[in-house]
>>> print(open('run-v6.pdb').read())   # PDB, C-alpha atoms
ATOM      1  CA  MET A   1      16.700  -1.820  -5.761
ATOM      2  CA  TYR A   2      16.845  -4.258  -2.876
ATOM      3  CA  ARG A   3      14.410  -3.717  -0.014
ATOM      4  CA  THR A   4      14.054  -5.718   3.192
ATOM      5  CA  VAL A   5      10.559  -6.552   4.407
ATOM      6  CA  ASP A   6      10.121  -7.089   8.133
ATOM      7  CA  CYS A   7       8.877 -10.653   8.653
ATOM      8  CA  GLN A   8       7.233  -9.538  11.900
ATOM      9  CA  THR A   9       4.621  -7.763   9.783
ATOM     10  CA  TRP A  10       2.626 -11.000   9.760
ATOM     11  CA  GLN A  11       2.402 -10.956  13.575
ATOM     12  CA  ASP A  12       1.420  -7.292  13.844
ATOM     13  CA  PRO A  13      -2.110  -7.187  15.347
ATOM     14  CA  TRP A  14      -3.117  -4.388  12.962
ATOM     15  CA  PHE A  15      -1.939  -6.387   9.945
ATOM     16  CA  GLU A  16      -3.470  -9.672  11.151
ATOM     17  CA  GLU A  17      -6.928  -8.099  11.058
ATOM     18  CA  LEU A  18      -6.654  -6.935   7.438
ATOM     19  CA  PRO A  19      -8.599  -8.787   4.740
ATOM     20  CA  ALA A  20      -6.496 -10.428   1.995
ATOM     21  CA  LEU A  21      -6.919  -7.614  -0.560
ATOM     22  CA  GLN A  22      -5.771  -5.006   1.953
ATOM     23  CA  LYS A  23      -2.695  -7.112   2.712
ATOM     24  CA  LEU A  24      -1.971  -7.347  -1.020
ATOM     25  CA  VAL A  25      -2.197  -3.580  -1.502
ATOM     26  CA  PHE A  26      -0.081  -2.943   1.592
ATOM     27  CA  PHE A  27       2.717  -5.208   0.356
ATOM     28  CA  ASP A  28       2.500  -3.781  -3.154
ATOM     29  CA  LEU A  29       2.946  -0.291  -1.737
ATOM     30  CA  ILE A  30       5.933  -1.153   0.446
ATOM     31  CA  THR A  31       7.749  -3.184  -2.216
ATOM     32  CA  ASN A  32       7.026  -1.463  -5.522
ATOM     33  CA  PRO A  33       9.926   0.125  -7.442
ATOM     34  CA  ARG A  34       8.448   3.648  -7.273
ATOM     35  CA  GLN A  35       9.098   3.948  -3.557
ATOM     36  CA  THR A  36      11.827   6.393  -2.614
ATOM     37  CA  ALA A  37      14.211   6.260   0.335
ATOM     38  CA  CYS A  38      11.831   8.415   2.401
ATOM     39  CA  GLY A  39       8.899   6.147   1.544
ATOM     40  CA  ALA A  40       6.829   8.680  -0.413
ATOM     41  CA  PHE A  41       6.048   8.165  -4.072
ATOM     42  CA  GLU A  42       3.567   9.033  -6.789
ATOM     43  CA  ILE A  43       1.239   6.381  -8.177
ATOM     44  CA  THR A  44      -2.157   6.576  -9.828
ATOM     45  CA  ILE A  45      -5.098   4.548  -8.646
ATOM     46  CA  LYS A  46      -5.328   3.081 -12.144
ATOM     47  CA  ALA A  47      -1.704   1.859 -11.961
ATOM     48  CA  LEU A  48      -2.233   0.343  -8.520
ATOM     49  CA  ALA A  49      -5.427  -1.352  -9.695
ATOM     50  CA  PHE A  50      -3.594  -2.775 -12.716
ATOM     51  CA  GLU A  51      -0.653  -4.043 -10.638
ATOM     52  CA  THR A  52      -2.840  -5.765  -8.054
ATOM     53  CA  GLY A  53      -5.767  -6.840 -10.238
ATOM     54  CA  ILE A  54      -8.190  -5.056  -7.924
ATOM     55  CA  GLU A  55     -10.988  -2.812  -9.217
ATOM     56  CA  VAL A  56     -10.305   0.948  -9.126
ATOM     57  CA  GLU A  57     -13.129   1.732  -6.688
ATOM     58  CA  ASP A  58     -11.967  -1.035  -4.357
ATOM     59  CA  VAL A  59      -8.382   0.291  -4.433
ATOM     60  CA  LYS A  60      -9.640   3.720  -3.344
ATOM     61  CA  SER A  61     -11.443   2.314  -0.320
ATOM     62  CA  ILE A  62      -8.545   0.013   0.551
ATOM     63  CA  LEU A  63      -6.070   2.911   0.521
ATOM     64  CA  ALA A  64      -8.330   4.897   2.825
ATOM     65  CA  SER A  65      -8.654   1.915   5.172
ATOM     66  CA  LEU A  66      -4.879   1.435   5.512
ATOM     67  CA  ALA A  67      -4.452   4.663   7.472
ATOM     68  CA  PRO A  68      -2.520   5.430   9.615
ATOM     69  CA  LYS A  69       0.111   2.968   8.325
ATOM     70  CA  ILE A  70      -0.256   4.230   4.738
ATOM     71  CA  ILE A  71      -1.026   7.874   4.053
ATOM     72  CA  TRP A  72      -2.660   8.579   0.710
ATOM     73  CA  TRP A  73      -3.141  12.021  -0.847
ATOM     74  CA  PRO A  74      -5.546  11.360  -3.747
ATOM     75  CA  GLU A  75      -5.378  14.935  -5.040
ATOM     76  CA  HIS A  76      -1.634  14.423  -5.687
ATOM     77  CA  ASN A  77      -1.605  10.662  -6.417
ATOM     78  CA  THR A  78       0.919  10.364  -3.611
ATOM     79  CA  VAL A  79       1.423   7.620  -1.045
ATOM     80  CA  TRP A  80       3.642   7.704   2.026
TER      81      TRP A  80
END
>>> encode(input="run-v6.pdb", output="structure tokens")
Amino acid sequence: MYRTVDCQTWQDPWFEELPALQKLVFFDLITNPRQTACGAFEITIKALAFETGIEVEDVKSILASLAPKIIWWPEHNTVW
């Protein structure tokens, strides 16, 4: 699947303030092959930690910190 990433993301004030690991998780979430046309998909914390090389506990806190741009439902392993 081909997906376009908006280059203006780098100039977004919200994005500019993110630490490097949060930027990595954000881009992983918006470019991974699980994502559907509506943007919602299922992924486990363990899978996201493996893909990014970030510790599981850190991934949990990063996902929570990306709100409101990324919505995470941990009880369903779902991201939107």
>>> resolve_selection(input="run-v6.pdb", expression="the PyMOL selection byres ((chain A and resi 54) around 12)", output="list in words")
Ala20, Leu21, Gln22, Leu24, Val25, Asp28, Ile45, Lys46, Ala47, Leu48, Ala49, Phe50, Glu51, Thr52, Gly53, Glu55, Val56, Glu57, Asp58, Val59, Lys60, Ser61, Ile62 and Leu63 of chain A
>>> residues_around(input="run-v6.pdb", residues="Lys23 (chain A)", least_positions_apart="5", cutoff="10 Å", atoms="only C-alpha atoms", output="compact mmCIF listing (two decimals) with C-alpha atoms, in the frame of the given file")
# COMPACT_ATOMS: atom_id res chain seq x y z
CA TRP A 10 2.63 -11.00 9.76
CA PHE A 15 -1.94 -6.39 9.94
CA GLU A 16 -3.47 -9.67 11.15
CA GLU A 17 -6.93 -8.10 11.06
CA LEU A 18 -6.65 -6.94 7.44
CA ASP A 28 2.50 -3.78 -3.15
CA LEU A 29 2.95 -0.29 -1.74
CA ILE A 62 -8.54 0.01 0.55
CA LEU A 66 -4.88 1.44 5.51
>>> residues_near_point(input="run-v6.pdb", point="(13.7, -3.6, -1.8)", cutoff="7 Å", atoms="all atoms listed in the file", output="list in words")
Met1, Tyr2, Arg3, Thr4 and Thr31 of chain A
>>> resolve_selection(input="run-v6.pdb", expression="the PyMOL selection byres ((chain A and resi 75-79) around 7)", output="JSON, numbers by chain")
{"A": [40, 41, 42, 43, 44, 70, 71, 72, 73, 74, 80]}
>>> atom_distance(input="run-v6.pdb", atom1="CA of Gln11 (chain A)", atom2="CA of Gln35 (chain A)")
23.7 Å
>>> atom_distance(input="run-v6.pdb", atom1="CA of Gln8 (chain A)", atom2="CA of Pro68 (chain A)")
18.0 Å
>>> closest_residue(input="run-v6.pdb", among="A:Cys38, A:Ala64, A:Pro33, A:Phe27", to="Cys7 (chain A)", atoms="all atoms listed in the file")
A:Phe27
